Amino acid sequence: MIRVGLGYDLHRLVEGRRLILGGVTFDFEKGEVGHSDGDVLLHAITDALLGAAGLGDIGSYFPPEDAKWKDADSAELLRTVWNDVRADGWSLENLDCVIKLEKPKFLSRRGEVIESIAAILGVDKAQVFVKAKTGEKLPPVGTSEAVEAHVVCLLSCD
């Protein structure tokens, strides 16, 4: 059996927060607002995996109103979910990810982000791809007010 999952997330960007994408911190004057560390890419991956496996969504797993998830490491949240997805018998075939952000430029760090995601999931980096698009100067992404991520995953089960 195979299943496709779709994940999406959007976070406002503000001064005084770190910009973290796929578990990698970027040097930028703004970062994501979020109950956890705000890693928009890992949140979208988490939702894609949960959706494909039929296990819920990130909000049901880690309710934002629960104080224990305040400033949580999104990589640890993803690992928790991935362990449950694998325990249900699912394997990852691939992830295809799109990050939408105006600044900073992403291309020079793409390999590092792919390696980070692959390491978090314990999969081969050939199973993960990430690309970036700008907001073409249109709000909110194009004016650096927000960052968003779209993810599609393919899971298989024997």
# chains A, B, ... in the order shown; residues from 1 in each chain; ligands from 1
>>> residues_around(residues="Glu15 (chain A)", least_positions_apart="6", cutoff="8 Å", atoms="only C-alpha atoms", output="PyMOL selection string")
chain A and resi 29-31
>>> residues_around(residues="region 114-122 of chain A", least_positions_apart="5", cutoff="9 Å", atoms="only C-alpha atoms", output="list in words")
Gly22, Gly23, Val24, Leu42, Ala75, Glu76, Leu78, Arg79, Trp82, Asn83, Arg109, Gln127, Val128, Phe129 and Val130 of chain A
>>> residues_around(residues="Ile58 (chain A)", least_positions_apart="3", cutoff="6 Å", atoms="only C-alpha atoms", output="list of chain:residue names")
A:Asp47, A:Tyr61, A:Phe62
>>> residues_around(residues="region 88-90 of chain A", least_positions_apart="3", cutoff="8 Å", atoms="only C-alpha atoms", output="VMD selection string")
chain A and resid 53 84 to 85 155 to 158
>>> select_by_dssp(residues="chain A", states="alpha helix (DSSP H)", output="PyMOL selection string")
chain A and resi 40-53+58-61+74-87+110-121
>>> residues_around(residues="Asp57 (chain A)", least_positions_apart="4", cutoff="10 Å", atoms="only C-alpha atoms", output="list of chain:residue names")
A:Gly7, A:His43, A:Ala44, A:Thr46, A:Asp47, A:Ala48, A:Leu49, A:Leu50, A:Gly51, A:Tyr61, A:Phe62, A:Pro63, A:Val81
>>> write_last_selection(atoms="C-alpha atoms", output="PDB file, in the first residue's frame")
ATOM      1  CA  GLY A   7       1.838  19.243   4.778  1.00  0.00           C
ATOM      2  CA  HIS A  43       6.186  21.365  10.962  1.00  0.00           C
ATOM      3  CA  ALA A  44       5.010  20.865   7.376  1.00  0.00           C
ATOM      4  CA  THR A  46       5.423  16.421  10.397  1.00  0.00           C
ATOM      5  CA  ASP A  47       1.918  17.142   9.094  1.00  0.00           C
ATOM      6  CA  ALA A  48       2.620  15.425   5.757  1.00  0.00           C
ATOM      7  CA  LEU A  49       3.811  12.249   7.496  1.00  0.00           C
ATOM      8  CA  LEU A  50       0.913  12.225   9.952  1.00  0.00           C
ATOM      9  CA  GLY A  51      -1.605  12.772   7.159  1.00  0.00           C
ATOM     10  CA  TYR A  61      -0.130  15.609  18.707  1.00  0.00           C
ATOM     11  CA  PHE A  62       1.361  18.733  20.264  1.00  0.00           C
ATOM     12  CA  PRO A  63      -1.479  21.116  21.221  1.00  0.00           C
ATOM     13  CA  VAL A  81       5.896  11.491  15.102  1.00  0.00           C
TER      14      VAL A  81
END
>>> closest_residue(among="A:Ile20, A:Leu101, A:Met1, A:Leu10", to="Ser144 (chain A)", atoms="only C-alpha atoms")
A:Leu101
>>> residues_around(residues="Lys133 (chain A)", least_positions_apart="5", cutoff="12 Å", atoms="only C-alpha atoms", output="PyMOL selection string")
chain A and resi 97-107+141-142+147-150
>>> write_last_selection(atoms="C-alpha atoms", output="PDB file, in the first residue's frame")
ATOM      1  CA  CYS A  97       9.488  20.218   0.022  1.00  0.00           C
ATOM      2  CA  VAL A  98       9.045  23.843  -1.028  1.00  0.00           C
ATOM      3  CA  ILE A  99      10.007  26.749   1.210  1.00  0.00           C
ATOM      4  CA  LYS A 100       8.630  30.160   0.328  1.00  0.00           C
ATOM      5  CA  LEU A 101      10.760  33.025   1.615  1.00  0.00           C
ATOM      6  CA  GLU A 102      12.143  36.245   0.207  1.00  0.00           C
ATOM      7  CA  LYS A 103      15.271  36.442   2.369  1.00  0.00           C
ATOM      8  CA  PRO A 104      17.731  35.049   3.183  1.00  0.00           C
ATOM      9  CA  LYS A 105      18.723  33.233   0.031  1.00  0.00           C
ATOM     10  CA  PHE A 106      18.332  29.502   0.474  1.00  0.00           C
ATOM     11  CA  LEU A 107      20.234  27.759  -2.346  1.00  0.00           C
ATOM     12  CA  VAL A 141       6.249  36.201   2.074  1.00  0.00           C
ATOM     13  CA  GLY A 142       7.652  38.647  -0.486  1.00  0.00           C
ATOM     14  CA  VAL A 147       7.747  32.150   5.668  1.00  0.00           C
ATOM     15  CA  GLU A 148       5.772  29.137   4.506  1.00  0.00           C
ATOM     16  CA  ALA A 149       6.436  25.535   3.595  1.00  0.00           C
ATOM     17  CA  HIS A 150       4.623  22.980   1.455  1.00  0.00           C
TER      18      HIS A 150
END
>>> closest_residue(among="A:Glu93, A:Asp27, A:Asp39, A:Glu136", to="Ser74 (chain A)", atoms="only C-alpha atoms")
A:Asp39
>>> residues_around(residues="Val152 (chain A)", least_positions_apart="5", cutoff="6 Å", atoms="only C-alpha atoms", output="PyMOL selection string")
chain A and resi 5-6+95-96
>>> closest_residue(among="A:Leu77, A:Val151, A:Leu13, A:Ala146", to="Asn94 (chain A)", atoms="only C-alpha atoms")
A:Val151
>>> closest_residue(among="A:Glu112, A:Glu145, A:Asp66, A:Glu32", to="Gly16 (chain A)", atoms="only C-alpha atoms")
A:Glu32
